[in-house]
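Student: Before I ask anything, here is the structure I am working with.
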Amino acid sequence: MGWRTVRAILIWAALALAIGVPIALAAASEQLAWRGPVYILAGFAGIIALGLVLVQPLLIGGYLPGFSAYRGRRAHHWIGGAIALAIVIHVAGLWITSPPDMIDALTFSSPTPFSPFGVIAMWAIFIVALLAALRRRLGLRPRTWRFVHMPLAIVIVAGSVVHCLLIEGTMETISKATLCAAVLAAAVKVMIDLQVWRKRRTLRGESIARQ
Amino acid sequence: MTMIVLNRRNLLAAGGSVLATGMLATGVPGLLLPARADGLAPTESMSGGANNYRKGAAIVDRIGKGGFWMSGTVRRAGDGAPLAGQRIQIWAHTVEGQEHEPQSHGATLTDKDGKFRLEMPQIIPIFGQPHGHLAYDSGEFKTVFLRPVMRSAKETSLEAHFVLQPA
């Protein structure tokens, strides 16, 4: 087995653990005993969305072995849609569980400090998903798209991480903090590696060359 | 023509300051209340305090099977005199039911020292915070809804204090 294969296995195993362990530990939480099915579904939709936020920069940075630049980009689009869907389930489930608490959160009048971070990240996710879906129709050039997407990506990553860390719920503390650290690290690394703030004409050429 | 200079450094700085102000504004509302010179200030309703309130919960010896203690005091604004016989309603998401369910609600009366204490099932975290709800809503004084948060979900008691002003 060559080094490339070992490296590929290690990378995928690390990703599976970073996302799988927090989900498994949340699934073992004693809190679940006191929750209804809709509330449980809403909570896990949120955890899965955070896990997918980790996958996004890894795909676009070409860090996941087996994904070419083209396939990575395609997967990034689909997973972006999946994140938006997970957030809809998260919010709808919490709304059904306790309408007044969800309305407080959405109107930024919630007593819980983590709510506004989640709501801001939610709107950033919806805007990115909408613009991505309409990107061709709107005729957005790659540079314009990057100029819009990068600040929103920062809002999504920072908002999601703060939202998640401040919540006391089913997630186990250490696995939650580890997942959040991985999300931050992946986002920072891809932005540095791809030099997203530089003027550049050769993004595609570079990504393909690196594969 | 103005140019918007966007780089990693000023974006991160801006993001950081937005996060910081958000934390300050939402994290410590109690510290932002103005001090009052004319005696004891009335308690303001807390944001979200009235969520899942069911008017007219019955006075009970204990909510459900108990195991957790909710206690506090009720005093009059201005002179701080204890208010006896005041009805305080209590509800929370507990091990025996969700916040909105009738069995999660109950009420008790203050004693001659203005103190109240009601046993209820263990409160558990709901919507990201282990918290209880209390209401004074009997008409004689202005209605107040409180939403105290437990320092840890493992605690088995919680306190909340009312200072009421005439309606």
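Numbering starts fresh at 1 for the residues of each chain in the structure tokens, the chains themselves are lettered A, B, ... in the order given, and ligands are numbered from 1 as they appear.
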I'd like the contact shell of Gly159 (chain A) - 9 Å cut-off, only C-alpha atoms, skipping same-chain residues fewer than 6 positions apart - returned as a PyMOL selection string.
Tutor: (chain A and resi 114+116-122) or (chain B and resi 19)
Student: Please list as a VMD selection string every residue within 10 Å of Gly80 (chain A), counting only C-alpha atoms and excluding residues in the same chain fewer than 2 positions away.
Tutor: chain A and resid 49 52 to 53 55 to 56 74 to 78 82 to 86 125 to 126 128 to 129 132
Student: Which is closer to chain B than all the others in A:Trp12, A:Tyr63, A:Phe108, A:Phe44, using only C-alpha atoms?
Tutor: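 Closest to chain B of all the choices is A:Phe108.
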Student: When you look at region 183-194 of chain A with a cut-off of 7 Å (counting only C-alpha atoms), what residues show up, excluding the ones that are within fewer than 2 positions of it in the same chain? I need them as a PyMOL selection string.
Tutor: chain A and resi 53-54+57-58+61+157+179-181+196
Student: Point out the residue among B:Lys55, B:Lys115, B:His93, B:His161 with the least atom-to-atom distance to chain A, counting only C-alpha atoms.
Tutor: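 Among B:Lys55, B:Lys115, B:His93, B:His161, it is B:His93 that comes nearest to chain A.
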Student: Write out as a PDB file with N, CA and C atoms, in the first residue's frame the residues lying within 12 Å of Arg35 (chain A), counting only C-alpha atoms and excluding same-chain residues fewer than 3 positions away.
Tutor:
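Written file, part_21.pdb:
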ATOM      1  N   SER A  29     -27.046  10.664  24.180  1.00  0.00           N
ATOM      2  CA  SER A  29     -27.321  11.624  25.258  1.00  0.00           C
ATOM      3  C   SER A  29     -28.573  11.250  26.042  1.00  0.00           C
ATOM      4  N   GLU A  30     -28.479  11.385  27.375  1.00  0.00           N
ATOM      5  CA  GLU A  30     -29.652  11.088  28.206  1.00  0.00           C
ATOM      6  C   GLU A  30     -30.768  12.116  27.991  1.00  0.00           C
ATOM      7  N   GLN A  31     -30.398  13.291  27.456  1.00  0.00           N
ATOM      8  CA  GLN A  31     -31.403  14.338  27.208  1.00  0.00           C
ATOM      9  C   GLN A  31     -32.502  13.857  26.255  1.00  0.00           C
ATOM     10  N   LEU A  32     -32.129  12.913  25.371  1.00  0.00           N
ATOM     11  CA  LEU A  32     -33.097  12.470  24.356  1.00  0.00           C
ATOM     12  C   LEU A  32     -34.332  11.845  24.999  1.00  0.00           C
ATOM     13  N   VAL A  38     -39.989  15.171  17.191  1.00  0.00           N
ATOM     14  CA  VAL A  38     -39.767  16.337  16.331  1.00  0.00           C
ATOM     15  C   VAL A  38     -38.595  17.165  16.844  1.00  0.00           C
ATOM     16  N   TYR A  39     -38.510  17.326  18.164  1.00  0.00           N
ATOM     17  CA  TYR A  39     -37.415  18.073  18.771  1.00  0.00           C
ATOM     18  C   TYR A  39     -36.084  17.352  18.531  1.00  0.00           C
ATOM     19  N   ILE A  40     -36.104  16.019  18.645  1.00  0.00           N
ATOM     20  CA  ILE A  40     -34.887  15.233  18.406  1.00  0.00           C
ATOM     21  C   ILE A  40     -34.430  15.389  16.960  1.00  0.00           C
ATOM     22  N   LEU A  41     -35.386  15.298  16.023  1.00  0.00           N
ATOM     23  CA  LEU A  41     -35.068  15.454  14.600  1.00  0.00           C
ATOM     24  C   LEU A  41     -34.465  16.841  14.343  1.00  0.00           C
ATOM     25  N   ALA A  42     -35.068  17.859  14.942  1.00  0.00           N
ATOM     26  CA  ALA A  42     -34.589  19.236  14.748  1.00  0.00           C
ATOM     27  C   ALA A  42     -33.155  19.380  15.245  1.00  0.00           C
ATOM     28  N   GLY A  43     -32.875  18.797  16.408  1.00  0.00           N
ATOM     29  CA  GLY A  43     -31.531  18.881  16.980  1.00  0.00           C
ATOM     30  C   GLY A  43     -30.498  18.208  16.083  1.00  0.00           C
ATOM     31  N   GLY A  93     -38.597  22.200  12.924  1.00  0.00           N
ATOM     32  CA  GLY A  93     -38.767  21.284  14.048  1.00  0.00           C
ATOM     33  C   GLY A  93     -38.797  22.012  15.378  1.00  0.00           C
ATOM     34  N   LEU A  94     -37.930  23.024  15.517  1.00  0.00           N
ATOM     35  CA  LEU A  94     -37.904  23.793  16.765  1.00  0.00           C
ATOM     36  C   LEU A  94     -39.160  24.657  16.880  1.00  0.00           C
ATOM     37  N   THR A  97     -41.832  22.463  18.111  1.00  0.00           N
ATOM     38  CA  THR A  97     -41.592  22.100  19.512  1.00  0.00           C
ATOM     39  C   THR A  97     -42.006  23.223  20.461  1.00  0.00           C
ATOM     40  N   SER A  98     -41.631  24.448  20.126  1.00  0.00           N
ATOM     41  CA  SER A  98     -41.992  25.582  20.993  1.00  0.00           C
ATOM     42  C   SER A  98     -42.087  26.854  20.154  1.00  0.00           C
ATOM     43  N   GLY A 169     -27.053  21.232  25.150  1.00  0.00           N
ATOM     44  CA  GLY A 169     -28.068  20.317  24.635  1.00  0.00           C
ATOM     45  C   GLY A 169     -27.582  18.888  24.627  1.00  0.00           C
ATOM     46  N   THR A 170     -27.834  18.202  23.520  1.00  0.00           N
ATOM     47  CA  THR A 170     -27.487  16.775  23.473  1.00  0.00           C
ATOM     48  C   THR A 170     -26.024  16.531  23.120  1.00  0.00           C
TER      49      THR A 170
ATOM     50  N   HIS B  93     -39.703  22.897  31.233  1.00  0.00           N
ATOM     51  CA  HIS B  93     -39.551  21.594  30.584  1.00  0.00           C
ATOM     52  C   HIS B  93     -38.807  20.718  31.589  1.00  0.00           C
ATOM     53  N   THR B  94     -39.455  19.661  32.040  1.00  0.00           N
ATOM     54  CA  THR B  94     -38.865  18.809  33.071  1.00  0.00           C
ATOM     55  C   THR B  94     -38.814  17.368  32.574  1.00  0.00           C
ATOM     56  N   VAL B  95     -38.307  16.504  33.444  1.00  0.00           N
ATOM     57  CA  VAL B  95     -38.241  15.086  33.082  1.00  0.00           C
ATOM     58  C   VAL B  95     -39.643  14.483  32.952  1.00  0.00           C
ATOM     59  N   GLU B  96     -40.668  15.246  33.383  1.00  0.00           N
ATOM     60  CA  GLU B  96     -42.033  14.701  33.300  1.00  0.00           C
ATOM     61  C   GLU B  96     -42.883  15.361  32.219  1.00  0.00           C
ATOM     62  N   GLY B  97     -42.308  16.288  31.465  1.00  0.00           N
ATOM     63  CA  GLY B  97     -43.126  16.872  30.403  1.00  0.00           C
ATOM     64  C   GLY B  97     -42.549  18.145  29.815  1.00  0.00           C
ATOM     65  N   GLN B  98     -43.064  18.517  28.634  1.00  0.00           N
ATOM     66  CA  GLN B  98     -42.606  19.725  27.959  1.00  0.00           C
ATOM     67  C   GLN B  98     -43.241  20.960  28.591  1.00  0.00           C
ATOM     68  N   GLU B  99     -42.643  22.103  28.252  1.00  0.00           N
ATOM     69  CA  GLU B  99     -43.049  23.372  28.850  1.00  0.00           C
ATOM     70  C   GLU B  99     -44.545  23.679  28.693  1.00  0.00           C
ATOM     71  N   ILE B 124     -34.721  20.265  32.818  1.00  0.00           N
ATOM     72  CA  ILE B 124     -33.668  19.840  31.886  1.00  0.00           C
ATOM     73  C   ILE B 124     -33.486  20.913  30.817  1.00  0.00           C
ATOM     74  N   PRO B 125     -32.342  20.904  30.114  1.00  0.00           N
ATOM     75  CA  PRO B 125     -32.120  21.945  29.115  1.00  0.00           C
ATOM     76  C   PRO B 125     -33.144  21.851  27.985  1.00  0.00           C
ATOM     77  N   ILE B 126     -33.699  23.002  27.630  1.00  0.00           N
ATOM     78  CA  ILE B 126     -34.620  23.075  26.503  1.00  0.00           C
ATOM     79  C   ILE B 126     -34.270  24.340  25.731  1.00  0.00           C
ATOM     80  N   PHE B 127     -34.256  24.234  24.426  1.00  0.00           N
ATOM     81  CA  PHE B 127     -33.832  25.357  23.591  1.00  0.00           C
ATOM     82  C   PHE B 127     -32.458  25.864  24.015  1.00  0.00           C
TER      83      PHE B 127
END
Student: So that I can check the surroundings of Arg141 (chain A), please list as a CSV table (one decimal) with N, CA and C atoms, in the first residue's frame every protein, DNA and RNA residue that reaches within 12 Å of it, counting only C-alpha atoms and ignoring chain neighbours fewer than 6 positions away.
Tutor:
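Output file result23.csv follows:
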chain,number,residue,atom,x,y,z
A,132,ALA,N,-26.4,30.8,-5.5
A,132,ALA,CA,-25.7,29.7,-6.2
A,132,ALA,C,-26.7,29.1,-7.2
A,135,ARG,N,-27.0,31.6,-10.1
A,135,ARG,CA,-25.7,32.2,-10.5
A,135,ARG,C,-25.6,32.3,-12.0
A,147,PHE,N,-16.5,37.2,-4.5
A,147,PHE,CA,-16.6,38.4,-3.7
A,147,PHE,C,-17.9,38.4,-2.8
A,148,VAL,N,-18.9,37.8,-3.3
A,148,VAL,CA,-20.2,37.6,-2.5
A,148,VAL,C,-20.1,36.4,-1.6
A,149,HIS,N,-19.6,35.3,-2.1
A,149,HIS,CA,-19.6,34.1,-1.3
A,149,HIS,C,-18.7,34.1,-0.1
A,201,ARG,N,-6.5,35.0,-12.1
A,201,ARG,CA,-7.3,34.5,-13.2
A,201,ARG,C,-7.1,33.0,-13.4
Student: Taking only C-alpha atoms into account, what are the residues of chain A at most 8 Å from chain B, put as a PyMOL selection string?
Tutor: chain A and resi 31+34-35+98+100-101+104+109-113+151+155+166-169+197
Student: So how far away is CA of Glu44 (chain B) from CA of Ser71 (chain B), in Å?
Tutor: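 Between CA of Ser71 (chain B) and CA of Glu44 (chain B) the gap works out to 18.2 Å.
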